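Colleague: Below you'll find the structure I mean.
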Amino acid sequence: MDILETHPPLSQFAFDAFRALSPTFMATLTPPERLIALEAFVCLDVASKGKVAPRELQIRSAIAARQGKNFLARAGTGTGKTLAMILPVLMLPKDSVVVTIAPLRLIQDNHVDEFTKYGISSIAINANTPDTPELWKVGSVLYGIPLFSHSKKAIKNHTQFQHYTVSPEQCGPYKGHIPKFATFLHDPKWAKKVHLLQIDEAHFIATAGQGKGDEAAFRPAFSDLGERLRVHLPSSTPCAVFSATMPTRIMDVVMKTLRMESDNTVKVLLSTNRPNLVYSTICMDGTTKNLSNLDFLAPQPFPPDYIPPRCIIFVDDKKRTAEAEEYLNSRLPPHLASKRPFRKYHSGMSKHYLEEIAAQFKRGELFGLIATECVSNVPGFHVADIRLIVIFGVTKSVDESDQRGGRGGRDGLECLVLTIAERWAFEHLAANDSDHKLGNKEKRTDEATLKYASLKLCGRRFLADYNEDTTPDALLCDSTCCDNDDPNFDLSEFLPGFSFDEDSDSEPPPKKTRKKYRPLLARDPLDTALRSWRDTTHITDPVLKSFPQSYILSDKTIALLARERPQTFRIPADITTFLNETPDWHTRHALDVLTTIRSYDLKHSTEELSSSDDSSTDSNSDSDSNSDSEDDDSVAYDSSPANSPPPSVLNSRSNTPDPVPPPPPMFTTTGRPVRRAAMEHAVSGIADQVSKRRKID
Ligand SMILES: [Zn+2]
């Protein structure tokens, strides 16, 4: 039965989202493509019960699949990539099959969870999939009857898994046997049902599928996907590939392997830039064995109200995660140490344990996770407000460090990506010192990484060039860009616990003349106060109630307001000018916002604290004491009460629910609302057409 006959055209939410699609984007669609776009809205609206609407990436993916075209997306996690994989499946007939190739079990598990959420029966096929006859005999996996419940009725109804998320090794001979899934592929009847092939983390085809120098490929099955998989599927089955890493050299390998022809492939290359990330690289003292390089995370003595920025520390191996956990916790005062707020997190741990740790981290009960690469590949790891990524020891490739950095600031707010690079990388000794002998790790590190670690130019520009990101957004940044192109860059502004080490070679930090902001630790409570004002206004205003909260103030705008020093805003017009808002907004909100900030300041007398900044900004005093022993760190904190957060900081942190990640930009456009009746009319017109066309189909 047609979906449009059984369901009202669109929920209010989807309706608003459809209306908010950018006119520029809509103009690029042909009339038939617009119909597919609307159908995508309807399908997702039904599947999500009016809670989720597609964005441009997902619409494009749906259109390509419907038109039988291949699809190539450069899109990282956080861009709605998984939904771009789900949406085309929602729009396929129920008896069709979709195969997704994913490199890691954690990703496959996440696919199963996510696809199932939208009502798509989904199963992960990997080395761990039970080898029981119950699961695998025809009528079970083949026809999708859930494990151990293959009733005759179910077999008769041919209830089928619609979605198989598979590791590449399962598609052909592996360790001397033919995996069960490979036998499906050789069954033309089954293969014929595959309507769509998707590859997640498609760069693996080039990076893991191919060897490098003397090193053999560590997942050769990836480079065989053409032979193992593609050729067994109908040539009309489109292939959709997704990755955050898609420079030409990788794209070419991926497309060739999967036999994707250029003229039948739709490419969507989103910017790889994250404007809210700030990049900095410092030189490590000794090797990664020297954990005192991380002392700034747990300074001694530990100031009573200090909360380190919520962080992930990436280390080379599992052993180091345990050592760093032990080390950092042992530096904390006993009442904190007993809670072990720094925790290791790696793929050797059980799924249950990882979930528990991730949940505690999300609830703000932990300061930081010490992880191997695993966390950067867990799409289900939804902690949006990470303020610091530490890459402790350079990665093998720039792609890897890019992915690690990409874990930070998913809420769109500022996050520092700090690379602590070994000296051989930081100074690129291989190129600059003829006597230098290559170490083992150094041999495995690629040239681009060494260039990045020893970079004297803008890190963002380097990454844009490396990723071949030529989009207009490639170099955007929200506030500070990186340590190299800002002469006033001051690490201690981001990391109050940071004291520069005594390393004779490192330059003392430059004198700060940088723009002054509200002390770091006083921003959170003001942020909370502004959000609370906004939420109340939103609920109580009869007109605003029906629009997103961001019409009043977005989370990001609130963060910007909370960061400014009190003296920036003296009259309501200062607020309006600062936010570049409309006269209408000014009339409605400017005075209220100013009042909220003022009453916060009165209550906490931050006005006074902040103006004392002029002589000692944030943890500026660190620099005077930094050559002293750790015991003198107290000077940095105790001498300036401004650096102590108001007592409410700890409480507000732990009592405030995690901020919901900001809605995608298309829902937060500040454009004028179109009148609902006119919009309804327009949508129902298209809906009719979709309905008619589907009947013809
Ligand atoms: Zn820069």
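Labeling convention for the structure tokens: chains A, B, ... as they appear, residues from 1 per chain, ligands from 1 in order of appearance.
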If you run DSSP on the backbone, which residues of range 100-336 of chain A are strand (DSSP E or B), as a PyMOL selection string?

Modeller: chain A and resi 100-101+122-125+163-166+174+177+194-199+212+215+239-243+265-269+277-283+311-314

Colleague: Applying 6 Å and only C-alpha atoms, which residues near range 410-425 of chain A remain after dropping the ones on its own chain fewer than 2 positions away? List them as a list in words.

Modeller: Asn276, Leu277, Val278, Tyr279, Ser280, Thr281, Ile282, Cys283, Met284, Ala384, Asp385, Arg387, Leu388, Ile389, Val390, Ile391, Phe392, Gly393, Val394, Gly405, Gly408, Glu427, His428, Leu429, Leu450, Ala453 and Pro661 of chain A

Colleague: Go ahead and dump the residues you just picked, N, CA and C atoms, as a PDB file, in the first residue's frame.

Modeller:
ATOM      1  N   ASN A 276      35.553  24.566  14.322  1.00  0.00           N
ATOM      2  CA  ASN A 276      35.657  24.756  15.779  1.00  0.00           C
ATOM      3  C   ASN A 276      36.876  24.067  16.401  1.00  0.00           C
ATOM      4  N   LEU A 277      37.658  23.370  15.580  1.00  0.00           N
ATOM      5  CA  LEU A 277      38.855  22.741  16.133  1.00  0.00           C
ATOM      6  C   LEU A 277      40.038  23.700  16.060  1.00  0.00           C
ATOM      7  N   VAL A 278      40.838  23.697  17.102  1.00  0.00           N
ATOM      8  CA  VAL A 278      42.040  24.518  17.170  1.00  0.00           C
ATOM      9  C   VAL A 278      43.225  23.558  17.212  1.00  0.00           C
ATOM     10  N   TYR A 279      44.217  23.783  16.357  1.00  0.00           N
ATOM     11  CA  TYR A 279      45.313  22.818  16.261  1.00  0.00           C
ATOM     12  C   TYR A 279      46.590  23.342  16.903  1.00  0.00           C
ATOM     13  N   SER A 280      47.219  22.472  17.661  1.00  0.00           N
ATOM     14  CA  SER A 280      48.504  22.840  18.227  1.00  0.00           C
ATOM     15  C   SER A 280      49.395  21.599  18.332  1.00  0.00           C
ATOM     16  N   THR A 281      50.669  21.799  18.105  1.00  0.00           N
ATOM     17  CA  THR A 281      51.615  20.684  18.236  1.00  0.00           C
ATOM     18  C   THR A 281      52.745  21.133  19.149  1.00  0.00           C
ATOM     19  N   ILE A 282      53.092  20.288  20.116  1.00  0.00           N
ATOM     20  CA  ILE A 282      54.233  20.609  20.967  1.00  0.00           C
ATOM     21  C   ILE A 282      55.202  19.427  20.962  1.00  0.00           C
ATOM     22  N   CYS A 283      56.385  19.694  21.433  1.00  0.00           N
ATOM     23  CA  CYS A 283      57.415  18.655  21.397  1.00  0.00           C
ATOM     24  C   CYS A 283      57.379  17.832  22.681  1.00  0.00           C
ATOM     25  N   MET A 284      57.471  16.532  22.512  1.00  0.00           N
ATOM     26  CA  MET A 284      57.448  15.624  23.651  1.00  0.00           C
ATOM     27  C   MET A 284      58.795  15.650  24.357  1.00  0.00           C
ATOM     28  N   ALA A 384      29.424  14.539  22.764  1.00  0.00           N
ATOM     29  CA  ALA A 384      29.535  15.691  21.866  1.00  0.00           C
ATOM     30  C   ALA A 384      30.459  16.774  22.403  1.00  0.00           C
ATOM     31  N   ASP A 385      30.571  16.863  23.734  1.00  0.00           N
ATOM     32  CA  ASP A 385      31.232  18.056  24.273  1.00  0.00           C
ATOM     33  C   ASP A 385      32.661  17.783  24.729  1.00  0.00           C
ATOM     34  N   ARG A 387      36.354  18.705  24.806  1.00  0.00           N
ATOM     35  CA  ARG A 387      37.019  20.007  24.632  1.00  0.00           C
ATOM     36  C   ARG A 387      38.495  19.865  24.312  1.00  0.00           C
ATOM     37  N   LEU A 388      39.011  18.660  24.437  1.00  0.00           N
ATOM     38  CA  LEU A 388      40.441  18.485  24.210  1.00  0.00           C
ATOM     39  C   LEU A 388      40.716  17.092  23.670  1.00  0.00           C
ATOM     40  N   ILE A 389      41.448  17.056  22.565  1.00  0.00           N
ATOM     41  CA  ILE A 389      41.957  15.779  22.057  1.00  0.00           C
ATOM     42  C   ILE A 389      43.478  15.849  22.188  1.00  0.00           C
ATOM     43  N   VAL A 390      44.041  14.880  22.863  1.00  0.00           N
ATOM     44  CA  VAL A 390      45.490  14.826  22.948  1.00  0.00           C
ATOM     45  C   VAL A 390      45.962  13.648  22.099  1.00  0.00           C
ATOM     46  N   ILE A 391      46.811  13.933  21.138  1.00  0.00           N
ATOM     47  CA  ILE A 391      47.405  12.859  20.352  1.00  0.00           C
ATOM     48  C   ILE A 391      48.820  12.685  20.897  1.00  0.00           C
ATOM     49  N   PHE A 392      48.966  11.687  21.763  1.00  0.00           N
ATOM     50  CA  PHE A 392      50.216  11.519  22.496  1.00  0.00           C
ATOM     51  C   PHE A 392      51.134  10.596  21.704  1.00  0.00           C
ATOM     52  N   GLY A 393      52.013  11.206  20.944  1.00  0.00           N
ATOM     53  CA  GLY A 393      52.854  10.445  20.014  1.00  0.00           C
ATOM     54  C   GLY A 393      52.214  10.513  18.643  1.00  0.00           C
ATOM     55  N   VAL A 394      53.019  10.838  17.631  1.00  0.00           N
ATOM     56  CA  VAL A 394      52.443  11.024  16.296  1.00  0.00           C
ATOM     57  C   VAL A 394      51.822   9.714  15.798  1.00  0.00           C
ATOM     58  N   GLY A 405      41.376  13.725  15.810  1.00  0.00           N
ATOM     59  CA  GLY A 405      40.952  15.089  16.097  1.00  0.00           C
ATOM     60  C   GLY A 405      39.458  15.264  15.880  1.00  0.00           C
ATOM     61  N   GLY A 408      36.649  15.390  18.554  1.00  0.00           N
ATOM     62  CA  GLY A 408      36.434  16.497  19.483  1.00  0.00           C
ATOM     63  C   GLY A 408      35.376  17.473  18.990  1.00  0.00           C
ATOM     64  N   GLU A 427      60.909  17.847  14.994  1.00  0.00           N
ATOM     65  CA  GLU A 427      62.006  18.541  14.302  1.00  0.00           C
ATOM     66  C   GLU A 427      62.322  17.882  12.961  1.00  0.00           C
ATOM     67  N   HIS A 428      61.539  16.916  12.593  1.00  0.00           N
ATOM     68  CA  HIS A 428      61.741  16.156  11.366  1.00  0.00           C
ATOM     69  C   HIS A 428      63.221  15.846  11.188  1.00  0.00           C
ATOM     70  N   LEU A 429      63.768  15.133  12.166  1.00  0.00           N
ATOM     71  CA  LEU A 429      65.213  14.899  12.211  1.00  0.00           C
ATOM     72  C   LEU A 429      65.718  14.146  10.985  1.00  0.00           C
ATOM     73  N   LEU A 450      55.283  13.515   9.320  1.00  0.00           N
ATOM     74  CA  LEU A 450      56.473  14.223   9.789  1.00  0.00           C
ATOM     75  C   LEU A 450      56.409  15.700   9.399  1.00  0.00           C
ATOM     76  N   ALA A 453      53.886  17.325  11.746  1.00  0.00           N
ATOM     77  CA  ALA A 453      54.375  17.489  13.118  1.00  0.00           C
ATOM     78  C   ALA A 453      55.414  18.608  13.212  1.00  0.00           C
ATOM     79  N   PRO A 661      23.487  17.769  21.013  1.00  0.00           N
ATOM     80  CA  PRO A 661      24.238  18.382  19.921  1.00  0.00           C
ATOM     81  C   PRO A 661      23.337  19.321  19.135  1.00  0.00           C
TER      82      PRO A 661
END

Colleague: Under the rule of at most 12 Å, produce a per-residue listing of range 174-242 of chain A near range 264-275 of chain A: chain, number, name, the closest pair of atoms, and the distance in Å, as CSV, using only C-alpha atoms.

Modeller:
residue,atom,partner,partner_atom,distance
A:Ser236,CA,A:Asn264,CA,10.9
A:Thr237,CA,A:Asn264,CA,11.7
A:Pro238,CA,A:Thr265,CA,8.9
A:Cys239,CA,A:Thr265,CA,8.7
A:Ala240,CA,A:Thr265,CA,8.8
A:Val241,CA,A:Lys267,CA,9.6
A:Phe242,CA,A:Val268,CA,9.7

Colleague: Would you output that residue set with N, CA and C atoms, as a PDB file, in the first residue's frame?

Modeller:
ATOM      1  N   SER A 236      23.754  -3.641 -12.644  1.00  0.00           N
ATOM      2  CA  SER A 236      22.892  -2.474 -12.427  1.00  0.00           C
ATOM      3  C   SER A 236      22.856  -2.060 -10.952  1.00  0.00           C
ATOM      4  N   THR A 237      23.406  -2.878 -10.065  1.00  0.00           N
ATOM      5  CA  THR A 237      23.372  -2.529  -8.636  1.00  0.00           C
ATOM      6  C   THR A 237      24.339  -1.384  -8.366  1.00  0.00           C
ATOM      7  N   PRO A 238      23.825  -0.245  -7.897  1.00  0.00           N
ATOM      8  CA  PRO A 238      24.739   0.870  -7.659  1.00  0.00           C
ATOM      9  C   PRO A 238      25.573   0.639  -6.405  1.00  0.00           C
ATOM     10  N   CYS A 239      26.686   1.328  -6.369  1.00  0.00           N
ATOM     11  CA  CYS A 239      27.614   1.194  -5.249  1.00  0.00           C
ATOM     12  C   CYS A 239      27.784   2.572  -4.609  1.00  0.00           C
ATOM     13  N   ALA A 240      27.631   2.627  -3.302  1.00  0.00           N
ATOM     14  CA  ALA A 240      27.784   3.905  -2.600  1.00  0.00           C
ATOM     15  C   ALA A 240      28.936   3.793  -1.619  1.00  0.00           C
ATOM     16  N   VAL A 241      29.884   4.706  -1.712  1.00  0.00           N
ATOM     17  CA  VAL A 241      31.039   4.628  -0.815  1.00  0.00           C
ATOM     18  C   VAL A 241      31.128   5.884   0.057  1.00  0.00           C
ATOM     19  N   PHE A 242      31.537   5.671   1.294  1.00  0.00           N
ATOM     20  CA  PHE A 242      31.573   6.759   2.271  1.00  0.00           C
ATOM     21  C   PHE A 242      32.903   6.758   2.998  1.00  0.00           C
TER      22      PHE A 242
END

Colleague: May I have the residues within 9 Å of ligand 1, computed using only C-alpha atoms and all ligand atoms, as a list in words?

Modeller: Val278, Tyr279, Leu457, Cys458, Gly459, Arg460, Arg461, Phe462, Leu475, Cys477, Thr480, Cys481, Cys482, Asp483, Asn484, Asp485 and Asp486 of chain A

Colleague: Keeping only N, CA and C atoms, write the selected residues to a file as a compact mmCIF listing (two decimals), in the first residue's frame.

Modeller:
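So selection.txt came out as:
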# COMPACT_ATOMS: atom_id res chain seq x y z
N VAL A 278 40.84 23.70 17.10
CA VAL A 278 42.04 24.52 17.17
C VAL A 278 43.22 23.56 17.21
N TYR A 279 44.22 23.78 16.36
CA TYR A 279 45.31 22.82 16.26
C TYR A 279 46.59 23.34 16.90
N LEU A 457 53.81 26.33 9.36
CA LEU A 457 52.73 27.11 8.75
C LEU A 457 51.39 26.66 9.31
N CYS A 458 50.31 27.23 8.78
CA CYS A 458 48.98 26.96 9.32
C CYS A 458 48.60 25.47 9.21
N GLY A 459 48.25 24.88 10.34
CA GLY A 459 47.87 23.47 10.38
C GLY A 459 46.59 23.20 9.60
N ARG A 460 45.67 24.15 9.64
CA ARG A 460 44.39 23.96 8.95
C ARG A 460 44.62 23.94 7.43
N ARG A 461 45.49 24.83 6.99
CA ARG A 461 45.78 24.86 5.56
C ARG A 461 46.48 23.56 5.12
N PHE A 462 47.37 23.11 5.96
CA PHE A 462 48.05 21.85 5.66
C PHE A 462 47.02 20.72 5.49
N LEU A 475 38.99 26.56 4.92
CA LEU A 475 39.87 27.24 5.86
C LEU A 475 39.12 28.01 6.94
N CYS A 477 37.51 29.13 10.28
CA CYS A 477 37.65 28.75 11.68
C CYS A 477 36.83 29.71 12.54
N THR A 480 40.14 30.79 17.24
CA THR A 480 41.57 30.61 17.01
C THR A 480 41.75 29.52 15.96
N CYS A 481 42.73 29.66 15.09
CA CYS A 481 42.95 28.65 14.06
C CYS A 481 43.96 27.62 14.55
N CYS A 482 45.18 28.03 14.73
CA CYS A 482 46.20 27.08 15.15
C CYS A 482 47.37 27.84 15.76
N ASP A 483 48.30 27.09 16.32
CA ASP A 483 49.42 27.75 17.01
C ASP A 483 50.37 28.46 16.04
N ASN A 484 50.39 28.03 14.78
CA ASN A 484 51.39 28.58 13.88
C ASN A 484 51.04 29.94 13.29
N ASP A 485 49.76 30.18 13.06
CA ASP A 485 49.49 31.46 12.39
C ASP A 485 48.90 32.49 13.34
N ASP A 486 48.94 32.21 14.61
CA ASP A 486 48.49 33.20 15.57
C ASP A 486 49.67 33.48 16.52

Colleague: Under the rule that only C-alpha atoms are counted, which of A:Ser96, A:Gly286, A:Phe426, A:Val315 is the nearest residue to Arg404 in chain A?

Modeller: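 With only C-alpha atoms as the atom set, the closest residue is A:Val315.
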
Colleague: Fewer than 2 positions away in the same chain doesn't count, so skip those; otherwise give me all residues within 12 Å of Leu336 in chain A, counting only C-alpha atoms, as a PyMOL selection string.

Modeller: chain A and resi 298+302-307+328-334+338-342+365-367

Colleague: Please, what distance in Å, to one decimal, runs between CA of Leu455 in chain A and CA of Phe204 in chain A?

Modeller: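 Atom-to-atom, CA of Leu455 in chain A and CA of Phe204 in chain A are spaced 26.6 Å apart.
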